[in-house]
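Visitor: So I've got this file, protein_38.cif, and it contains mmCIF, N, CA and C atoms:
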```cif
data_start
#
loop_
_atom_site.label_atom_id
_atom_site.label_comp_id
_atom_site.auth_asym_id
_atom_site.auth_seq_id
_atom_site.Cartn_x
_atom_site.Cartn_y
_atom_site.Cartn_z
N MET W 4 -13.02 -11.64 -17.03
CA MET W 4 -11.86 -10.79 -17.09
C MET W 4 -11.06 -10.97 -15.80
N ASP W 5 -9.77 -10.98 -15.92
CA ASP W 5 -8.89 -11.10 -14.76
C ASP W 5 -8.47 -9.69 -14.33
N ILE W 6 -9.19 -9.13 -13.37
CA ILE W 6 -8.96 -7.75 -12.95
C ILE W 6 -7.61 -7.59 -12.27
N ASP W 7 -7.15 -8.61 -11.56
CA ASP W 7 -5.82 -8.53 -10.93
C ASP W 7 -4.73 -8.39 -12.00
N TYR W 8 -4.87 -9.13 -13.07
CA TYR W 8 -3.91 -9.04 -14.18
C TYR W 8 -3.95 -7.65 -14.79
N ILE W 9 -5.16 -7.15 -15.02
CA ILE W 9 -5.32 -5.81 -15.60
C ILE W 9 -4.63 -4.77 -14.71
N PHE W 10 -4.86 -4.88 -13.41
CA PHE W 10 -4.29 -3.89 -12.49
C PHE W 10 -2.78 -3.98 -12.42
N THR W 11 -2.25 -5.19 -12.29
CA THR W 11 -0.81 -5.34 -12.09
C THR W 11 0.02 -5.20 -13.36
N LYS W 12 -0.60 -5.43 -14.52
CA LYS W 12 0.17 -5.41 -15.78
C LYS W 12 -0.09 -4.19 -16.65
N SER W 13 -1.19 -3.49 -16.43
CA SER W 13 -1.46 -2.32 -17.27
C SER W 13 -0.50 -1.20 -16.91
N ASN W 14 -0.31 -0.28 -17.84
CA ASN W 14 0.61 0.83 -17.62
C ASN W 14 0.20 1.66 -16.42
N LEU W 15 -1.08 1.98 -16.32
CA LEU W 15 -1.58 2.77 -15.19
C LEU W 15 -1.43 2.00 -13.88
N GLY W 16 -1.77 0.71 -13.89
CA GLY W 16 -1.64 -0.11 -12.69
C GLY W 16 -0.19 -0.22 -12.24
N LYS W 17 0.71 -0.42 -13.18
CA LYS W 17 2.14 -0.50 -12.85
C LYS W 17 2.63 0.80 -12.23
N LYS W 18 2.17 1.92 -12.79
CA LYS W 18 2.55 3.23 -12.28
C LYS W 18 2.08 3.40 -10.83
N ILE W 19 0.85 2.99 -10.56
CA ILE W 19 0.30 3.08 -9.21
C ILE W 19 1.08 2.18 -8.26
N ILE W 20 1.33 0.95 -8.67
CA ILE W 20 2.05 0.00 -7.83
C ILE W 20 3.46 0.50 -7.54
N LEU W 21 4.14 1.04 -8.54
CA LEU W 21 5.49 1.56 -8.34
C LEU W 21 5.49 2.72 -7.36
N SER W 22 4.56 3.63 -7.53
CA SER W 22 4.46 4.79 -6.65
C SER W 22 4.19 4.35 -5.21
N LEU W 23 3.26 3.43 -5.03
CA LEU W 23 2.94 2.93 -3.69
C LEU W 23 4.12 2.17 -3.08
N SER W 24 4.80 1.41 -3.91
CA SER W 24 5.95 0.64 -3.44
C SER W 24 7.07 1.57 -2.96
N GLU W 25 7.32 2.63 -3.72
CA GLU W 25 8.36 3.59 -3.33
C GLU W 25 7.99 4.31 -2.03
N GLU W 26 6.72 4.69 -1.92
CA GLU W 26 6.27 5.36 -0.69
C GLU W 26 6.40 4.42 0.51
N ASN W 27 6.01 3.17 0.33
CA ASN W 27 6.10 2.19 1.41
C ASN W 27 7.56 1.97 1.81
N LYS W 28 8.44 1.89 0.84
CA LYS W 28 9.86 1.69 1.12
C LYS W 28 10.42 2.88 1.91
N THR W 29 10.05 4.08 1.51
CA THR W 29 10.49 5.28 2.22
C THR W 29 9.99 5.28 3.66
N ASN W 30 8.72 4.94 3.84
CA ASN W 30 8.15 4.87 5.18
C ASN W 30 8.86 3.83 6.04
N LEU W 31 9.11 2.66 5.46
CA LEU W 31 9.78 1.60 6.21
C LEU W 31 11.19 2.01 6.62
N ASN W 32 11.90 2.67 5.71
CA ASN W 32 13.26 3.13 6.03
C ASN W 32 13.24 4.16 7.15
N LEU W 33 12.30 5.07 7.09
CA LEU W 33 12.16 6.09 8.12
C LEU W 33 11.86 5.45 9.47
N LEU W 34 10.91 4.53 9.48
CA LEU W 34 10.55 3.86 10.74
C LEU W 34 11.70 3.02 11.28
N LYS W 35 12.40 2.34 10.41
CA LYS W 35 13.53 1.51 10.84
C LYS W 35 14.62 2.37 11.47
N LYS W 36 14.89 3.52 10.85
CA LYS W 36 15.90 4.43 11.37
C LYS W 36 15.51 4.91 12.77
N GLU W 37 14.27 5.31 12.94
CA GLU W 37 13.81 5.79 14.25
C GLU W 37 13.79 4.66 15.28
N GLU W 38 13.39 3.47 14.84
CA GLU W 38 13.38 2.32 15.75
C GLU W 38 14.79 2.00 16.23
N ASN W 39 15.75 2.02 15.32
CA ASN W 39 17.15 1.75 15.69
C ASN W 39 17.67 2.79 16.68
N GLU W 40 17.27 4.03 16.49
CA GLU W 40 17.67 5.10 17.41
C GLU W 40 17.09 4.85 18.81
N LEU W 41 15.85 4.43 18.86
CA LEU W 41 15.22 4.12 20.16
C LEU W 41 15.90 2.93 20.85
N ILE W 42 16.25 1.94 20.07
CA ILE W 42 16.95 0.77 20.62
C ILE W 42 18.31 1.19 21.17
N LYS W 43 18.99 2.04 20.42
CA LYS W 43 20.29 2.54 20.87
C LYS W 43 20.14 3.33 22.18
N ASN W 44 19.13 4.17 22.25
CA ASN W 44 18.88 4.94 23.48
C ASN W 44 18.55 4.04 24.66
N GLU W 45 17.81 2.99 24.38
CA GLU W 45 17.46 2.04 25.45
C GLU W 45 18.71 1.33 25.97
N LYS W 46 19.56 0.90 25.07
CA LYS W 46 20.80 0.22 25.48
C LYS W 46 21.70 1.17 26.27
N ASN W 47 21.78 2.42 25.82
CA ASN W 47 22.58 3.40 26.55
C ASN W 47 22.04 3.62 27.96
N LEU W 48 20.75 3.69 28.08
CA LEU W 48 20.13 3.89 29.39
C LEU W 48 20.39 2.69 30.30
N ILE W 49 20.29 1.50 29.77
CA ILE W 49 20.56 0.29 30.55
C ILE W 49 22.01 0.28 31.02
N ASN W 50 22.91 0.69 30.13
CA ASN W 50 24.33 0.73 30.49
C ASN W 50 24.62 1.77 31.58
N LYS W 51 23.84 2.82 31.62
CA LYS W 51 24.05 3.89 32.60
C LYS W 51 23.31 3.64 33.91
N LYS W 52 22.55 2.59 34.00
CA LYS W 52 21.70 2.36 35.17
C LYS W 52 22.48 2.40 36.48
N LYS W 53 23.63 1.79 36.51
CA LYS W 53 24.42 1.72 37.74
C LYS W 53 25.09 3.06 38.07
N ILE W 54 25.28 3.88 37.06
CA ILE W 54 25.96 5.16 37.25
C ILE W 54 24.99 6.24 37.72
N LEU W 55 23.76 6.19 37.16
CA LEU W 55 22.76 7.22 37.45
C LEU W 55 22.08 6.98 38.79
N SER W 56 21.61 8.07 39.38
CA SER W 56 20.78 7.93 40.58
C SER W 56 19.43 7.36 40.14
N GLN W 57 18.71 6.81 41.09
CA GLN W 57 17.42 6.19 40.77
C GLN W 57 16.46 7.21 40.17
N THR W 58 16.42 8.41 40.71
CA THR W 58 15.49 9.43 40.18
C THR W 58 15.88 9.84 38.76
N GLU W 59 17.17 9.99 38.51
CA GLU W 59 17.63 10.35 37.17
C GLU W 59 17.34 9.22 36.18
N PHE W 60 17.56 7.99 36.61
CA PHE W 60 17.27 6.83 35.77
C PHE W 60 15.78 6.78 35.45
N ASP W 61 14.95 6.95 36.48
CA ASP W 61 13.49 6.92 36.29
C ASP W 61 13.04 8.03 35.34
N SER W 62 13.66 9.18 35.47
CA SER W 62 13.32 10.31 34.60
C SER W 62 13.66 10.00 33.15
N GLN W 63 14.84 9.46 32.93
CA GLN W 63 15.25 9.11 31.56
C GLN W 63 14.42 7.95 31.01
N LEU W 64 14.06 7.03 31.88
CA LEU W 64 13.22 5.91 31.47
C LEU W 64 11.83 6.41 31.05
N THR W 65 11.30 7.34 31.80
CA THR W 65 10.00 7.92 31.46
C THR W 65 10.08 8.64 30.11
N GLU W 66 11.17 9.36 29.89
CA GLU W 66 11.37 10.04 28.61
C GLU W 66 11.46 9.03 27.47
N LEU W 67 12.18 7.94 27.68
CA LEU W 67 12.30 6.90 26.65
C LEU W 67 10.94 6.28 26.34
N LYS W 68 10.17 6.00 27.39
CA LYS W 68 8.83 5.44 27.17
C LYS W 68 7.95 6.41 26.38
N SER W 69 8.11 7.69 26.65
CA SER W 69 7.36 8.71 25.92
C SER W 69 7.76 8.71 24.45
N GLN W 70 9.06 8.61 24.19
CA GLN W 70 9.55 8.56 22.81
C GLN W 70 9.03 7.31 22.08
N ILE W 71 9.00 6.20 22.80
CA ILE W 71 8.50 4.95 22.21
C ILE W 71 7.02 5.08 21.88
N SER W 72 6.28 5.69 22.77
CA SER W 72 4.85 5.90 22.55
C SER W 72 4.62 6.80 21.33
N LEU W 73 5.40 7.87 21.21
CA LEU W 73 5.28 8.75 20.05
C LEU W 73 5.64 8.01 18.76
N PHE W 74 6.66 7.18 18.84
CA PHE W 74 7.06 6.38 17.68
C PHE W 74 5.93 5.46 17.23
N LYS W 75 5.29 4.80 18.18
CA LYS W 75 4.18 3.89 17.84
C LYS W 75 3.02 4.65 17.20
N LYS W 76 2.72 5.85 17.72
CA LYS W 76 1.65 6.65 17.13
C LYS W 76 2.03 7.07 15.71
N LYS W 77 3.26 7.47 15.54
CA LYS W 77 3.73 7.87 14.22
C LYS W 77 3.65 6.70 13.24
N ARG W 78 4.08 5.54 13.70
CA ARG W 78 4.03 4.34 12.86
C ARG W 78 2.59 4.02 12.46
N ASP W 79 1.69 4.05 13.44
CA ASP W 79 0.28 3.78 13.15
C ASP W 79 -0.30 4.80 12.17
N ASN W 80 0.07 6.07 12.35
CA ASN W 80 -0.41 7.10 11.44
C ASN W 80 0.12 6.90 10.02
N LEU W 81 1.39 6.55 9.91
CA LEU W 81 1.97 6.28 8.59
C LEU W 81 1.28 5.11 7.91
N ILE W 82 1.01 4.08 8.67
CA ILE W 82 0.33 2.90 8.12
C ILE W 82 -1.08 3.27 7.66
N ASN W 83 -1.80 4.00 8.50
CA ASN W 83 -3.16 4.40 8.13
C ASN W 83 -3.18 5.32 6.92
N GLU W 84 -2.26 6.27 6.87
CA GLU W 84 -2.18 7.17 5.73
C GLU W 84 -1.84 6.41 4.45
N PHE W 85 -0.93 5.45 4.57
CA PHE W 85 -0.56 4.65 3.40
C PHE W 85 -1.74 3.83 2.91
N GLU W 86 -2.46 3.20 3.82
CA GLU W 86 -3.62 2.39 3.44
C GLU W 86 -4.70 3.26 2.78
N THR W 87 -4.90 4.44 3.33
CA THR W 87 -5.88 5.36 2.74
C THR W 87 -5.45 5.76 1.33
N ARG W 88 -4.18 6.08 1.17
CA ARG W 88 -3.68 6.46 -0.16
C ARG W 88 -3.79 5.29 -1.13
N LYS W 89 -3.45 4.11 -0.66
CA LYS W 89 -3.54 2.93 -1.52
C LYS W 89 -4.98 2.71 -1.98
N ASN W 90 -5.91 2.79 -1.05
CA ASN W 90 -7.32 2.61 -1.41
C ASN W 90 -7.79 3.69 -2.38
N ASN W 91 -7.35 4.94 -2.17
CA ASN W 91 -7.72 6.02 -3.09
C ASN W 91 -7.14 5.80 -4.48
N GLU W 92 -5.91 5.34 -4.54
CA GLU W 92 -5.28 5.08 -5.85
C GLU W 92 -6.02 3.97 -6.59
N ILE W 93 -6.44 2.95 -5.86
CA ILE W 93 -7.19 1.85 -6.49
C ILE W 93 -8.55 2.36 -6.98
N LYS W 94 -9.20 3.21 -6.19
CA LYS W 94 -10.48 3.80 -6.62
C LYS W 94 -10.29 4.63 -7.88
N ILE W 95 -9.21 5.40 -7.92
CA ILE W 95 -8.93 6.22 -9.10
C ILE W 95 -8.71 5.33 -10.32
N PHE W 96 -7.97 4.24 -10.13
CA PHE W 96 -7.74 3.30 -11.22
C PHE W 96 -9.06 2.79 -11.78
N PHE W 97 -9.94 2.35 -10.89
CA PHE W 97 -11.22 1.81 -11.34
C PHE W 97 -12.12 2.90 -11.93
N SER W 98 -12.03 4.11 -11.41
CA SER W 98 -12.84 5.19 -11.99
C SER W 98 -12.37 5.52 -13.41
N LYS W 99 -11.08 5.31 -13.69
CA LYS W 99 -10.56 5.57 -15.02
C LYS W 99 -10.88 4.44 -16.00
N ILE W 100 -10.88 3.20 -15.52
CA ILE W 100 -11.16 2.10 -16.46
C ILE W 100 -12.65 1.83 -16.62
N ASN W 101 -13.45 2.29 -15.67
CA ASN W 101 -14.89 2.02 -15.71
C ASN W 101 -15.54 2.53 -17.01
N PRO W 102 -15.29 3.77 -17.44
CA PRO W 102 -15.89 4.22 -18.71
C PRO W 102 -15.43 3.39 -19.91
N ILE W 103 -14.19 2.96 -19.87
CA ILE W 103 -13.66 2.13 -20.97
C ILE W 103 -14.40 0.80 -21.00
N LEU W 104 -14.61 0.21 -19.83
CA LEU W 104 -15.34 -1.06 -19.75
C LEU W 104 -16.78 -0.89 -20.20
N LYS W 105 -17.42 0.18 -19.77
CA LYS W 105 -18.82 0.43 -20.17
C LYS W 105 -18.93 0.60 -21.67
N ASN W 106 -18.01 1.33 -22.25
CA ASN W 106 -18.02 1.53 -23.70
C ASN W 106 -17.79 0.21 -24.43
N TYR W 107 -16.86 -0.59 -23.92
CA TYR W 107 -16.58 -1.90 -24.53
C TYR W 107 -17.83 -2.78 -24.47
N MET W 108 -18.48 -2.75 -23.32
CA MET W 108 -19.69 -3.56 -23.16
C MET W 108 -20.78 -3.11 -24.15
N LYS W 109 -20.94 -1.82 -24.29
CA LYS W 109 -21.96 -1.28 -25.18
C LYS W 109 -21.66 -1.65 -26.64
N GLU W 110 -20.40 -1.45 -27.05
CA GLU W 110 -20.02 -1.75 -28.43
C GLU W 110 -20.12 -3.22 -28.77
N ASN W 111 -19.92 -4.10 -27.79
CA ASN W 111 -19.91 -5.55 -28.04
C ASN W 111 -21.16 -6.24 -27.51
N SER W 112 -22.17 -5.48 -27.15
CA SER W 112 -23.44 -6.02 -26.65
C SER W 112 -23.23 -7.01 -25.50
N ILE W 113 -22.43 -6.59 -24.54
CA ILE W 113 -22.15 -7.42 -23.38
C ILE W 113 -22.95 -6.86 -22.22
N LYS W 114 -23.63 -7.74 -21.50
CA LYS W 114 -24.48 -7.30 -20.40
C LYS W 114 -23.75 -7.28 -19.05
N ILE W 115 -22.72 -8.12 -18.90
CA ILE W 115 -22.03 -8.19 -17.61
C ILE W 115 -20.59 -8.66 -17.83
N ILE W 116 -19.69 -8.10 -17.03
CA ILE W 116 -18.30 -8.56 -17.01
C ILE W 116 -18.04 -9.03 -15.58
N VAL W 117 -17.54 -10.24 -15.44
CA VAL W 117 -17.32 -10.85 -14.13
C VAL W 117 -15.82 -11.08 -13.94
N ASP W 118 -15.35 -10.85 -12.71
CA ASP W 118 -13.95 -11.10 -12.40
C ASP W 118 -13.67 -12.60 -12.52
N LYS W 119 -12.60 -12.92 -13.18
CA LYS W 119 -12.23 -14.31 -13.48
C LYS W 119 -12.10 -15.18 -12.22
N LYS W 120 -11.64 -14.59 -11.12
CA LYS W 120 -11.43 -15.39 -9.92
C LYS W 120 -12.74 -15.87 -9.29
N ASN W 121 -13.87 -15.29 -9.71
CA ASN W 121 -15.16 -15.71 -9.18
C ASN W 121 -15.86 -16.74 -10.05
N ILE W 122 -15.16 -17.22 -11.09
CA ILE W 122 -15.72 -18.21 -12.00
C ILE W 122 -15.07 -19.56 -11.73
N LEU W 123 -15.89 -20.56 -11.54
CA LEU W 123 -15.37 -21.91 -11.30
C LEU W 123 -14.84 -22.52 -12.59
N ILE W 124 -15.64 -22.46 -13.65
CA ILE W 124 -15.22 -23.02 -14.93
C ILE W 124 -15.98 -22.30 -16.05
N GLY W 125 -15.35 -22.18 -17.18
CA GLY W 125 -15.97 -21.52 -18.32
C GLY W 125 -15.10 -21.69 -19.55
N GLU W 126 -15.67 -21.36 -20.69
CA GLU W 126 -14.93 -21.46 -21.94
C GLU W 126 -13.88 -20.36 -22.01
N GLU W 127 -12.72 -20.71 -22.51
CA GLU W 127 -11.63 -19.75 -22.63
C GLU W 127 -12.00 -18.60 -23.57
N THR W 128 -12.88 -18.86 -24.51
CA THR W 128 -13.26 -17.81 -25.46
C THR W 128 -14.04 -16.68 -24.78
N LEU W 129 -14.55 -16.93 -23.59
CA LEU W 129 -15.29 -15.90 -22.87
C LEU W 129 -14.38 -14.95 -22.09
N ASP W 130 -13.10 -15.30 -21.98
CA ASP W 130 -12.15 -14.48 -21.23
C ASP W 130 -11.77 -13.26 -22.07
N LEU W 131 -12.12 -12.08 -21.58
CA LEU W 131 -11.88 -10.83 -22.30
C LEU W 131 -10.64 -10.08 -21.80
N THR W 132 -9.88 -10.72 -20.93
CA THR W 132 -8.77 -10.04 -20.27
C THR W 132 -7.81 -9.38 -21.25
N ASN W 133 -7.34 -10.11 -22.24
CA ASN W 133 -6.34 -9.57 -23.16
C ASN W 133 -6.90 -8.42 -24.00
N GLU W 134 -8.14 -8.56 -24.47
CA GLU W 134 -8.75 -7.48 -25.26
C GLU W 134 -8.90 -6.22 -24.43
N ILE W 135 -9.40 -6.37 -23.22
CA ILE W 135 -9.62 -5.22 -22.36
C ILE W 135 -8.28 -4.64 -21.89
N PHE W 136 -7.31 -5.49 -21.63
CA PHE W 136 -5.98 -5.04 -21.25
C PHE W 136 -5.40 -4.12 -22.33
N ASP W 137 -5.45 -4.58 -23.59
CA ASP W 137 -4.94 -3.77 -24.70
C ASP W 137 -5.72 -2.46 -24.83
N LEU W 138 -7.02 -2.52 -24.68
CA LEU W 138 -7.86 -1.34 -24.78
C LEU W 138 -7.52 -0.32 -23.70
N ILE W 139 -7.35 -0.78 -22.48
CA ILE W 139 -7.02 0.11 -21.37
C ILE W 139 -5.66 0.74 -21.57
N ASN W 140 -4.68 -0.06 -21.95
CA ASN W 140 -3.33 0.49 -22.18
C ASN W 140 -3.32 1.52 -23.31
N ASN W 141 -4.11 1.28 -24.34
CA ASN W 141 -4.16 2.23 -25.46
C ASN W 141 -4.87 3.52 -25.06
N GLU W 142 -5.94 3.41 -24.29
CA GLU W 142 -6.74 4.59 -23.93
C GLU W 142 -6.12 5.40 -22.80
N LEU W 143 -5.40 4.75 -21.91
CA LEU W 143 -4.82 5.44 -20.75
C LEU W 143 -3.29 5.47 -20.84
N ASN W 144 -2.79 6.14 -21.84
CA ASN W 144 -1.33 6.22 -22.00
C ASN W 144 -0.71 6.96 -20.87
#
```
Can I see the file as structure tokens?
Guide:
Amino acid sequence: MDIDYIFTKSNLGKKIILSLSEENKTNLNLLKKEENELIKNEKNLINKKKILSQTEFDSQLTELKSQISLFKKKRDNLINEFETRKNNEIKIFFSKINPILKNYMKENSIKIIVDKKNILIGEETLDLTNEIFDLINNELN
């Protein structure tokens, strides 16, 4: 069985992928906006360097570095949260299809289902991807 195909083409898999894609896009837009603001602040500070006293410049530079540090932490947190959510969504997907696969195996006297990418060569008649794909889509509307 081609599990990647099942995940990316099934209704449930598509729904998960779309949701994750939208969340990732939102996160990227948010980070890009904040990054652009920091770049703008940095350029403004550089332009003011000759006008400001050294202590005022150093103070603003320290503040900018602090903002950059907070931005990096926020970015790392968003990435970690997204990865955690992605992994949880994939676990949920497999927890939902697992009973369907077990039932299919029982009804068809199948002892093992192997992911297609781990098979070097085999008869095409042994590929259950389309049957299982249809079964999953029908059971998980």
Visitor: Need the shell around Glu66 (chain W): protein/DNA/RNA residues with any atom at most 12 Å away, counting only C-alpha atoms. Skip same-chain ones fewer than 5 positions apart. Format as number ranges by chain?
Guide: W: 41, 44-45, 48, 59-61, 71-73
Visitor: Using all atoms listed in the file, can you tell me which of W:Gly125, W:Leu131, W:Lys36, W:Lys119 comes closest to Ile6 (chain W)?
Guide: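 Checking each of W:Gly125, W:Leu131, W:Lys36, W:Lys119 against Ile6 (chain W), counting all atoms listed in the file, the winner is W:Lys119.
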Visitor: Apply the PyMOL selection byres (((chain W and resi 142 and name CA) around 12) and name CA) to the structure shown and report the selected residues as a list in words.
Guide: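 Selected by the PyMOL selection byres (((chain W and resi 142 and name CA) around 12) and name CA) here: Ser13, Asn14, Leu15, Lys99, Ile100, Asn101, Pro102, Ile103, Leu104, Asn106, Tyr107, Ile135, Phe136, Asp137, Leu138, Ile139, Asn140, Asn141, Leu143 and Asn144 of chain W.
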Visitor: Just give me the gap between atom N of Glu127 (chain W) and atom C of Ile115 (chain W) in Å, one decimal is fine.
Guide: 15.1 Å
Visitor: First collect every listed atom of region 75-81 of chain W; then fit an axis-aligned box around them, widen it by 8 Å on each side, and give centre and edge lengths in Å to one decimal, as AutoDock Vina command-line options.
Guide:
```
--center_x 2.4 --center_y 5.8 --center_z 13.0 --size_x 21.7 --size_y 20.1 --size_z 26.3
```
Visitor: Among the residues of region 7-122 of chain W, find those DSSP assigns to alpha helix (DSSP H) from the backbone and print them as JSON, numbers by chain.
Guide: {"W": [7, 8, 9, 10, 11, 12, 14, 15, 16, 17, 18, 19, 20, 21, 22, 23, 24, 25, 26, 27, 28, 29, 30, 31, 32, 33, 34, 35, 36, 37, 38, 39, 40, 41, 42, 43, 44, 45, 46, 47, 48, 49, 50, 51, 57, 58, 59, 60, 61, 62, 63, 64, 65, 66, 67, 68, 69, 70, 71, 72, 73, 74, 75, 76, 77, 78, 79, 80, 81, 82, 83, 84, 85, 86, 87, 88, 89, 90, 91, 92, 93, 94, 95, 96, 97, 98, 99, 100, 101, 102, 103, 104, 105, 106, 107, 108, 109, 110]}
Visitor: When you draw a straight line from CA of Lys94 (chain W) to CA of Gly16 (chain W), how long is it in Å?
Guide: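 Pair CA of Lys94 (chain W) / CA of Gly16 (chain W) returns 11.4 Å.
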Visitor: Please report the interatomic distance between CA of Glu38 (chain W) and CA of Phe74 (chain W) in Å with one decimal.
Guide: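 Taking CA of Glu38 (chain W) and CA of Phe74 (chain W), their separation equals 7.8 Å.
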Visitor: Any chance you could work out the residue set of the PyMOL selection byres (((chain W and resi 5 and name CA) around 7) and name CA) here, as a VMD selection string?
Guide: chain W and resid 4 6 to 9 118 to 120 132
Visitor: Could you write out the selected residues, including N, CA and C atoms, as a JSON list (two decimals), keeping the file's coordinate frame?
Guide:
```json
[["chain", "number", "residue", "atom", "x", "y", "z"],
["W", 4, "MET", "N", -13.02, -11.64, -17.03],
["W", 4, "MET", "CA", -11.86, -10.79, -17.09],
["W", 4, "MET", "C", -11.06, -10.97, -15.80],
["W", 6, "ILE", "N", -9.19, -9.13, -13.37],
["W", 6, "ILE", "CA", -8.96, -7.75, -12.95],
["W", 6, "ILE", "C", -7.61, -7.59, -12.27],
["W", 7, "ASP", "N", -7.15, -8.61, -11.56],
["W", 7, "ASP", "CA", -5.82, -8.53, -10.93],
["W", 7, "ASP", "C", -4.73, -8.39, -12.00],
["W", 8, "TYR", "N", -4.87, -9.13, -13.07],
["W", 8, "TYR", "CA", -3.91, -9.04, -14.18],
["W", 8, "TYR", "C", -3.95, -7.65, -14.79],
["W", 9, "ILE", "N", -5.16, -7.15, -15.02],
["W", 9, "ILE", "CA", -5.32, -5.81, -15.60],
["W", 9, "ILE", "C", -4.63, -4.77, -14.71],
["W", 118, "ASP", "N", -15.35, -10.85, -12.71],
["W", 118, "ASP", "CA", -13.95, -11.10, -12.40],
["W", 118, "ASP", "C", -13.67, -12.60, -12.52],
["W", 119, "LYS", "N", -12.60, -12.92, -13.18],
["W", 119, "LYS", "CA", -12.23, -14.31, -13.48],
["W", 119, "LYS", "C", -12.10, -15.18, -12.22],
["W", 120, "LYS", "N", -11.64, -14.59, -11.12],
["W", 120, "LYS", "CA", -11.43, -15.39, -9.92],
["W", 120, "LYS", "C", -12.74, -15.87, -9.29],
["W", 132, "THR", "N", -9.88, -10.72, -20.93],
["W", 132, "THR", "CA", -8.77, -10.04, -20.27],
["W", 132, "THR", "C", -7.81, -9.38, -21.25]]
```
Visitor: Hey, which of W:Ile122, W:Leu34, W:Ile42, W:Leu23 ends up closest to Lys77 (chain W)? Count all atoms listed in the file.
Guide: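 The closest residue to Lys77 (chain W) is W:Leu34.
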